[in-house]
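First the structure, in the form of structure tokens, and then the observations on it.
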Amino acid sequence: MPIGVKIMKRPQAETSYLRATLKGMWLTFRHLFRPKVTMQYPEQRSTPDWSISQRWRGTHRMLTDEQGRAKCVACGLCPQICPANCIKLVPGEDEEGHRYPLIYEIDEFRCVFCGYCQEVCPEEAIHVGVHYENSEYSRDRFVYDLERLCAQTHPVSTLWDPSDPKGE
Amino acid sequence: MTFFLITSAIKIVIVFTATMVGVAFLTYVERRVCAWMQDRLGPNRVGPQGLLQPAADGLKNLLKEETLPAQADKLLFILAPMISFIPALMTFAVIPFGAPLPTKWGDVPLVVADLPVGFLYILAISSLGVYGITLAGWSSNNKYALLGGLRASAQMISYEIALGMSTVAVLLLSGNVRLSDVIARQASAWPVTWNVFPLGLAFLIFLISAFAETNRLPFDLAEAEGELVAGYHTEYSAMKFSMFYIAEYASMVTQSALVTTLFFGGWDIPFTTWDNTPPFTVWKTLATVVAFTLKVACFLFLYIWVRWTLPRFRYDQLMALGWKVMLPFALIYLTLIASAIWFLHAQLGWEYDARFAATLFGLNLILGVFVFFVLDRGRIVSGSVVRERA
């Protein structure tokens, strides 16, 4: 007996190989006709028993007001709270005293998708979104600027509500 | 003579093409069936239902880089895939795959070479395939490859004997080693004369040995991914790797064809004698070829089915099964069958017919009960159980 083999406390008279093999083959044969669990991904993105969660935290999205401007007021809370330090914000101010972001960039590679930016935002401007298909031909395309963040159209993620922990 | 040469050349081309297409298709079927057994879908993107997957794989393998390890024995390293590839395809030469085909110039037997020593040829050639595996393992200059090669040769030696023993029973019953005569002996109105009935346990031994000979699970110790990286073909890439793959599948096809020929009546269509009696027509030939193909396909499915059911043997289990179980069992079985044939034939004077076969079938049933309910109490392959001491 090789070293380190686990010995089962099973009497030899209860073991079998040939009959156990036939039993196993019957099992695999039945599996041939079972419904398949594969999701045909690019064509099929959700099945009755699997769909993406409403609380999924994916690609960011900046919401806009009626005039199509970003809702951001450049308060600086999101770069402050961001644990990955992935938000770059340079604030600006127009003649009427409205603050707006001169530069607003999110590095999707550095982001850890914690969702704090969405939680902290007083204007409900920056959001994480229910979206996960990001592929690009170069790394610098993953730094999303303000224009690109505003152009995103996917649904934004629902934050966790302590009074409704299951999201119902 | 010219007629013989031309028909032989045509038959060689047909058999070669059919085997290669069969192998390509088999790789696809293997992946699909494996996926279905695991509740997945398997490759279904290339072509309708993924049917062009083998073509895509082949193309990929042709275009990939051929690696040649600096430490390898270059000549043998290049030669090894060929050595395992050629015998796998050569074996099919003696297997009859249909009733004689009538032409204007005479009947053409549907077998590439109907050798009088047909069966011995198969035993000789099919065991040559292991040279390719062993040489591949040795010439790669890699410890895993070498271990894989060693295991392959040890396994082949252990199971070749049981394989030979089980077929001796077939030869006793048919009295000839020419495969077309073996088929002719099995053909009758009732499939009870198929050797699988009078020689059921020989069939079992043959089948298990055939799995070992083709290095298929549960006997794939030579390539054992989990233990030996990829065993003997660790260092191979691209088309050379593909050659080993093709060789494995081609020998599966050949072994299935051989099981069909020796135990399931070859191209004989069950429940009728229409296919065995002259005059032969083209339709009759086609029907028998289809029957043969179906039988072979069933065995190929069995190969795949077993592969995705059983885990691999441990090395000591493999050796114990080969030498301590299969060999003595094959010998005892051979003795019993030989005595039974002698008794029925020489003492009672029976000729070989359905009654003879049915009597032997009864004997096999009794022995089968013994195997399944006495031997199979941990005496065939035992896992890690507490051994009872006498």
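Order determines the names: the first chain of the structure tokens is A, the second B, and so forth; residues in each chain are numbered 1 upward, and ligands are numbered 1 upward as they are shown.
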
**Request:** From the DSSP assignment of the backbone, select every residue of chain A that is helix (DSSP H, G or I), and format the answer as a ChimeraX atom specification.
**Result:** /A:12-14,18-31,77-81,116-120,139-142,146-151

Kindly provide, as a CSV table (one decimal) with N, CA and C atoms, in the first residue's frame, the residues of chain B having any atom no farther than 12 Å from an atom of chain A, counting only C-alpha atoms.
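The file below, part.csv, is the result:
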```csv
chain,number,residue,atom,x,y,z
B,32,ARG,N,-18.7,16.4,-27.4
B,32,ARG,CA,-20.2,16.7,-27.3
B,32,ARG,C,-20.8,15.8,-26.2
B,33,VAL,N,-20.4,14.5,-26.3
B,33,VAL,CA,-21.0,13.5,-25.4
B,33,VAL,C,-20.5,13.8,-23.9
B,34,CYS,N,-19.2,14.1,-23.8
B,34,CYS,CA,-18.7,14.5,-22.5
B,34,CYS,C,-19.5,15.6,-21.9
B,35,ALA,N,-19.7,16.6,-22.8
B,35,ALA,CA,-20.4,17.8,-22.3
B,35,ALA,C,-21.8,17.5,-21.8
B,36,TRP,N,-22.5,16.6,-22.7
B,36,TRP,CA,-23.9,16.3,-22.3
B,36,TRP,C,-23.9,15.5,-21.0
B,37,MET,N,-22.9,14.6,-20.8
B,37,MET,CA,-22.9,13.9,-19.6
B,37,MET,C,-22.7,14.8,-18.4
B,38,GLN,N,-22.0,15.9,-18.6
B,38,GLN,CA,-21.8,16.9,-17.5
B,38,GLN,C,-22.8,18.0,-17.5
B,39,ASP,N,-23.9,17.8,-18.2
B,39,ASP,CA,-25.0,18.8,-18.3
B,39,ASP,C,-24.6,20.1,-18.9
B,40,ARG,N,-23.6,20.0,-19.9
B,40,ARG,CA,-23.2,21.2,-20.6
B,40,ARG,C,-23.6,21.0,-22.1
B,41,LEU,N,-23.3,21.9,-22.9
B,41,LEU,CA,-23.6,21.8,-24.3
B,41,LEU,C,-22.5,21.3,-25.2
B,42,GLY,N,-21.2,21.7,-24.8
B,42,GLY,CA,-20.1,21.3,-25.7
B,42,GLY,C,-19.9,22.2,-26.9
B,43,PRO,N,-18.9,21.9,-27.7
B,43,PRO,CA,-18.6,22.8,-28.8
B,43,PRO,C,-19.8,22.9,-29.8
B,44,ASN,N,-20.4,24.0,-30.0
B,44,ASN,CA,-21.5,24.1,-31.0
B,44,ASN,C,-21.5,25.4,-31.8
B,45,ARG,N,-20.3,26.0,-31.9
B,45,ARG,CA,-20.2,27.3,-32.5
B,45,ARG,C,-19.7,27.2,-34.0
B,204,LEU,N,-15.8,-9.9,-22.3
B,204,LEU,CA,-15.6,-8.9,-21.2
B,204,LEU,C,-14.0,-8.7,-21.0
B,208,ILE,N,-12.0,-5.1,-21.7
B,208,ILE,CA,-11.2,-4.4,-20.7
B,208,ILE,C,-9.8,-4.3,-21.3
B,218,PRO,N,-10.4,3.8,-18.0
B,218,PRO,CA,-9.7,4.1,-16.8
B,218,PRO,C,-8.2,3.7,-16.9
B,301,PHE,N,-19.1,4.6,-28.9
B,301,PHE,CA,-19.9,5.3,-27.9
B,301,PHE,C,-19.6,4.8,-26.5
B,302,LEU,N,-19.4,3.4,-26.5
B,302,LEU,CA,-19.1,2.8,-25.2
B,302,LEU,C,-17.8,3.3,-24.6
B,303,TYR,N,-16.8,3.4,-25.6
B,303,TYR,CA,-15.5,4.0,-25.2
B,303,TYR,C,-15.6,5.3,-24.5
B,304,ILE,N,-16.4,6.2,-25.2
B,304,ILE,CA,-16.6,7.6,-24.7
B,304,ILE,C,-17.3,7.6,-23.4
B,305,TRP,N,-18.3,6.7,-23.3
B,305,TRP,CA,-19.2,6.6,-22.2
B,305,TRP,C,-18.4,6.2,-20.9
B,306,VAL,N,-17.6,5.2,-21.1
B,306,VAL,CA,-16.8,4.7,-20.0
B,306,VAL,C,-15.8,5.7,-19.6
B,307,ARG,N,-15.2,6.4,-20.6
B,307,ARG,CA,-14.2,7.4,-20.2
B,307,ARG,C,-14.8,8.5,-19.3
B,308,TRP,N,-16.0,8.9,-19.6
B,308,TRP,CA,-16.5,10.0,-18.7
B,308,TRP,C,-17.3,9.5,-17.5
B,309,THR,N,-17.2,8.2,-17.3
B,309,THR,CA,-17.8,7.6,-16.0
B,309,THR,C,-16.7,7.3,-15.0
B,310,LEU,N,-15.6,6.6,-15.4
B,310,LEU,CA,-14.7,6.1,-14.5
B,310,LEU,C,-13.5,7.0,-14.2
B,311,PRO,N,-13.0,7.0,-13.0
B,311,PRO,CA,-11.8,7.6,-12.7
B,311,PRO,C,-10.6,6.7,-13.0
B,313,PHE,N,-7.2,4.4,-12.8
B,313,PHE,CA,-6.7,3.4,-11.8
B,313,PHE,C,-5.4,4.0,-11.2
B,314,ARG,N,-5.2,3.5,-9.9
B,314,ARG,CA,-3.9,3.8,-9.4
B,314,ARG,C,-2.9,2.8,-10.0
B,315,TYR,N,-1.6,3.1,-10.0
B,315,TYR,CA,-0.7,2.2,-10.8
B,315,TYR,C,-0.7,0.8,-10.2
B,316,ASP,N,-0.7,0.7,-8.9
B,316,ASP,CA,-0.6,-0.7,-8.3
B,316,ASP,C,-1.9,-1.5,-8.6
B,317,GLN,N,-3.0,-0.7,-8.7
B,317,GLN,CA,-4.3,-1.4,-9.0
B,317,GLN,C,-4.3,-1.9,-10.5
B,320,ALA,N,-2.1,-5.0,-10.5
B,320,ALA,CA,-2.8,-6.1,-9.8
B,320,ALA,C,-3.9,-6.6,-10.7
B,321,LEU,N,-4.6,-5.7,-11.3
B,321,LEU,CA,-5.8,-6.2,-12.2
B,321,LEU,C,-5.2,-7.0,-13.3
B,368,GLY,N,-20.7,-16.0,-15.2
B,368,GLY,CA,-21.0,-14.6,-15.1
B,368,GLY,C,-21.5,-14.3,-13.7
B,369,VAL,N,-22.4,-15.1,-13.2
B,369,VAL,CA,-22.9,-14.9,-11.8
B,369,VAL,C,-21.8,-15.0,-10.9
B,371,VAL,N,-18.6,-14.3,-11.5
B,371,VAL,CA,-17.8,-13.1,-11.6
B,371,VAL,C,-18.4,-11.9,-10.9
B,372,PHE,N,-19.7,-11.7,-11.2
B,372,PHE,CA,-20.4,-10.5,-10.7
B,372,PHE,C,-20.7,-10.5,-9.2
B,373,PHE,N,-20.9,-11.7,-8.7
B,373,PHE,CA,-21.4,-11.8,-7.3
B,373,PHE,C,-20.4,-12.4,-6.3
B,374,VAL,N,-19.3,-13.0,-6.8
B,374,VAL,CA,-18.3,-13.6,-5.9
B,374,VAL,C,-17.0,-12.9,-6.1
B,375,LEU,N,-16.5,-12.8,-7.3
B,375,LEU,CA,-15.2,-12.2,-7.6
B,375,LEU,C,-15.3,-10.7,-7.3
B,376,ASP,N,-16.5,-10.1,-7.7
B,376,ASP,CA,-16.6,-8.6,-7.6
B,376,ASP,C,-16.9,-8.2,-6.1
B,377,ARG,N,-16.5,-9.0,-5.2
B,377,ARG,CA,-16.6,-8.5,-3.8
B,377,ARG,C,-15.2,-8.1,-3.4
B,378,GLY,N,-14.7,-7.0,-4.0
B,378,GLY,CA,-13.4,-6.4,-3.7
B,378,GLY,C,-12.3,-7.3,-4.2
B,379,ARG,N,-12.5,-8.3,-5.0
B,379,ARG,CA,-11.4,-9.1,-5.4
B,379,ARG,C,-10.9,-8.7,-6.8
B,380,ILE,N,-11.7,-7.9,-7.5
B,380,ILE,CA,-11.2,-7.5,-8.9
B,380,ILE,C,-10.3,-6.3,-8.8
B,381,VAL,N,-10.9,-5.1,-8.5
B,381,VAL,CA,-10.1,-3.9,-8.2
B,381,VAL,C,-10.6,-3.5,-6.8
B,382,SER,N,-9.6,-3.4,-5.8
B,382,SER,CA,-10.1,-3.0,-4.6
B,382,SER,C,-9.6,-1.6,-4.3
B,383,GLY,N,-10.4,-0.7,-3.8
B,383,GLY,CA,-10.0,0.6,-3.4
B,383,GLY,C,-9.2,0.5,-2.1
B,384,SER,N,-9.1,1.6,-1.4
B,384,SER,CA,-8.4,1.6,-0.1
B,384,SER,C,-9.3,1.1,1.0
B,385,VAL,N,-9.5,-0.2,1.1
B,385,VAL,CA,-10.4,-0.8,2.1
B,385,VAL,C,-9.5,-1.6,3.0
B,386,VAL,N,-10.1,-1.9,4.2
B,386,VAL,CA,-9.3,-2.7,5.2
B,386,VAL,C,-9.4,-4.1,4.6
B,387,ARG,N,-8.2,-4.7,4.5
B,387,ARG,CA,-8.1,-6.1,4.1
B,387,ARG,C,-8.4,-7.1,5.2
B,388,GLU,N,-9.3,-8.0,5.0
B,388,GLU,CA,-9.6,-9.0,6.0
B,388,GLU,C,-8.5,-10.0,6.1
B,389,ARG,N,-8.0,-10.3,7.3
B,389,ARG,CA,-7.0,-11.3,7.4
B,389,ARG,C,-7.5,-12.6,7.7
```

**Request:** Considering only C-alpha atoms, state which residue in the set A:Pro162, A:Pro83, A:Gly58, A:Pro101 is at the smallest distance from A:Tyr116.
**Result:**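 Of A:Pro162, A:Pro83, A:Gly58, A:Pro101, the one nearest A:Tyr116 is A:Pro83, counting only C-alpha atoms.
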
**Asked** What does the distance between atom CA of B:Thr234 and atom CA of B:Trp138 come to in Å, to one decimal place?
**Response** 11.4 Å

**Request:** Per DSSP on the backbone, filter chain A down to the residues in strand (DSSP E) and report them as an MDAnalysis selection string.
**Result:** chainID A and resid 58:62 87:93 99:107 126:129 143:144

Limited to N, CA and C atoms, could you put the picked residues into a file as a compact mmCIF listing (two decimals), in the first residue's frame?
```
# COMPACT_ATOMS: atom_id res chain seq x y z
N GLY A 58 -21.05 47.89 -11.50
CA GLY A 58 -20.16 47.79 -12.64
C GLY A 58 -19.75 49.15 -13.15
N THR A 59 -19.60 49.24 -14.46
CA THR A 59 -19.13 50.47 -15.12
C THR A 59 -19.87 51.71 -14.62
N HIS A 60 -19.11 52.79 -14.37
CA HIS A 60 -19.71 54.02 -13.83
C HIS A 60 -20.56 54.73 -14.85
N ARG A 61 -21.44 55.55 -14.34
CA ARG A 61 -22.27 56.36 -15.20
C ARG A 61 -22.52 57.68 -14.50
N MET A 62 -22.39 58.80 -15.24
CA MET A 62 -22.69 60.12 -14.68
C MET A 62 -24.06 60.53 -15.18
N ILE A 87 -10.45 58.37 -8.91
CA ILE A 87 -11.21 59.47 -9.47
C ILE A 87 -10.33 60.72 -9.50
N LYS A 88 -10.24 61.35 -10.66
CA LYS A 88 -9.47 62.59 -10.79
C LYS A 88 -10.47 63.72 -11.03
N LEU A 89 -10.49 64.73 -10.14
CA LEU A 89 -11.48 65.80 -10.25
C LEU A 89 -10.77 67.15 -10.14
N VAL A 90 -10.96 67.99 -11.16
CA VAL A 90 -10.47 69.38 -11.08
C VAL A 90 -11.69 70.28 -11.14
N PRO A 91 -12.02 70.99 -10.04
CA PRO A 91 -13.26 71.76 -10.03
C PRO A 91 -13.11 73.09 -10.77
N GLY A 92 -14.21 73.56 -11.29
CA GLY A 92 -14.23 74.87 -11.94
C GLY A 92 -15.48 75.62 -11.51
N GLU A 93 -15.56 76.91 -11.80
CA GLU A 93 -16.71 77.70 -11.38
C GLU A 93 -17.06 78.66 -12.50
N ARG A 99 -20.62 75.65 -9.46
CA ARG A 99 -19.41 74.83 -9.58
C ARG A 99 -19.68 73.67 -10.55
N TYR A 100 -18.67 73.34 -11.33
CA TYR A 100 -18.79 72.20 -12.25
C TYR A 100 -17.41 71.58 -12.42
N PRO A 101 -17.30 70.34 -12.82
CA PRO A 101 -15.98 69.71 -12.98
C PRO A 101 -15.31 70.14 -14.28
N LEU A 102 -14.09 70.64 -14.18
CA LEU A 102 -13.31 70.91 -15.39
C LEU A 102 -12.80 69.59 -15.98
N ILE A 103 -12.24 68.78 -15.09
CA ILE A 103 -11.81 67.44 -15.50
C ILE A 103 -12.46 66.46 -14.52
N TYR A 104 -13.08 65.40 -15.07
CA TYR A 104 -13.60 64.35 -14.19
C TYR A 104 -13.28 63.03 -14.87
N GLU A 105 -12.33 62.29 -14.31
CA GLU A 105 -11.91 61.04 -14.95
C GLU A 105 -11.96 59.91 -13.95
N ILE A 106 -12.42 58.74 -14.38
CA ILE A 106 -12.38 57.56 -13.52
C ILE A 106 -11.56 56.49 -14.23
N ASP A 107 -10.56 55.99 -13.53
CA ASP A 107 -9.73 54.91 -14.08
C ASP A 107 -10.41 53.58 -13.71
N ILE A 126 -22.80 60.79 -9.76
CA ILE A 126 -21.99 59.63 -10.17
C ILE A 126 -22.64 58.36 -9.63
N HIS A 127 -22.66 57.34 -10.47
CA HIS A 127 -23.28 56.07 -10.10
C HIS A 127 -22.41 54.93 -10.59
N VAL A 128 -22.51 53.81 -9.92
CA VAL A 128 -21.98 52.58 -10.52
C VAL A 128 -23.16 51.91 -11.21
N GLY A 129 -22.90 51.13 -12.25
CA GLY A 129 -24.00 50.66 -13.09
C GLY A 129 -24.10 49.16 -13.22
N VAL A 143 -9.55 54.76 -19.02
CA VAL A 143 -9.75 55.96 -18.23
C VAL A 143 -10.94 56.70 -18.84
N TYR A 144 -12.07 56.65 -18.15
CA TYR A 144 -13.29 57.24 -18.70
C TYR A 144 -13.34 58.72 -18.35
```

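When only C-alpha atoms are used to compute distances to A:Tyr41, the closest of the residues A:Gln54, A:Glu119, A:Glu147, A:Glu133 turns out to be A:Glu133.
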
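Atom CA of B:Tyr236 sits 6.7 Å away from atom CA of B:Thr67.
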
**Request:** Mind giving me the straight-line distance from atom CA of B:Leu79 to atom CA of B:Gly132 in Å, one decimal?
**Result:** 7.9 Å

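Nearest-residue note for B:Phe356: choosing from B:Leu123, B:Val94, B:Val13, B:Leu344, the minimum distance belongs to B:Leu344, counting only C-alpha atoms.
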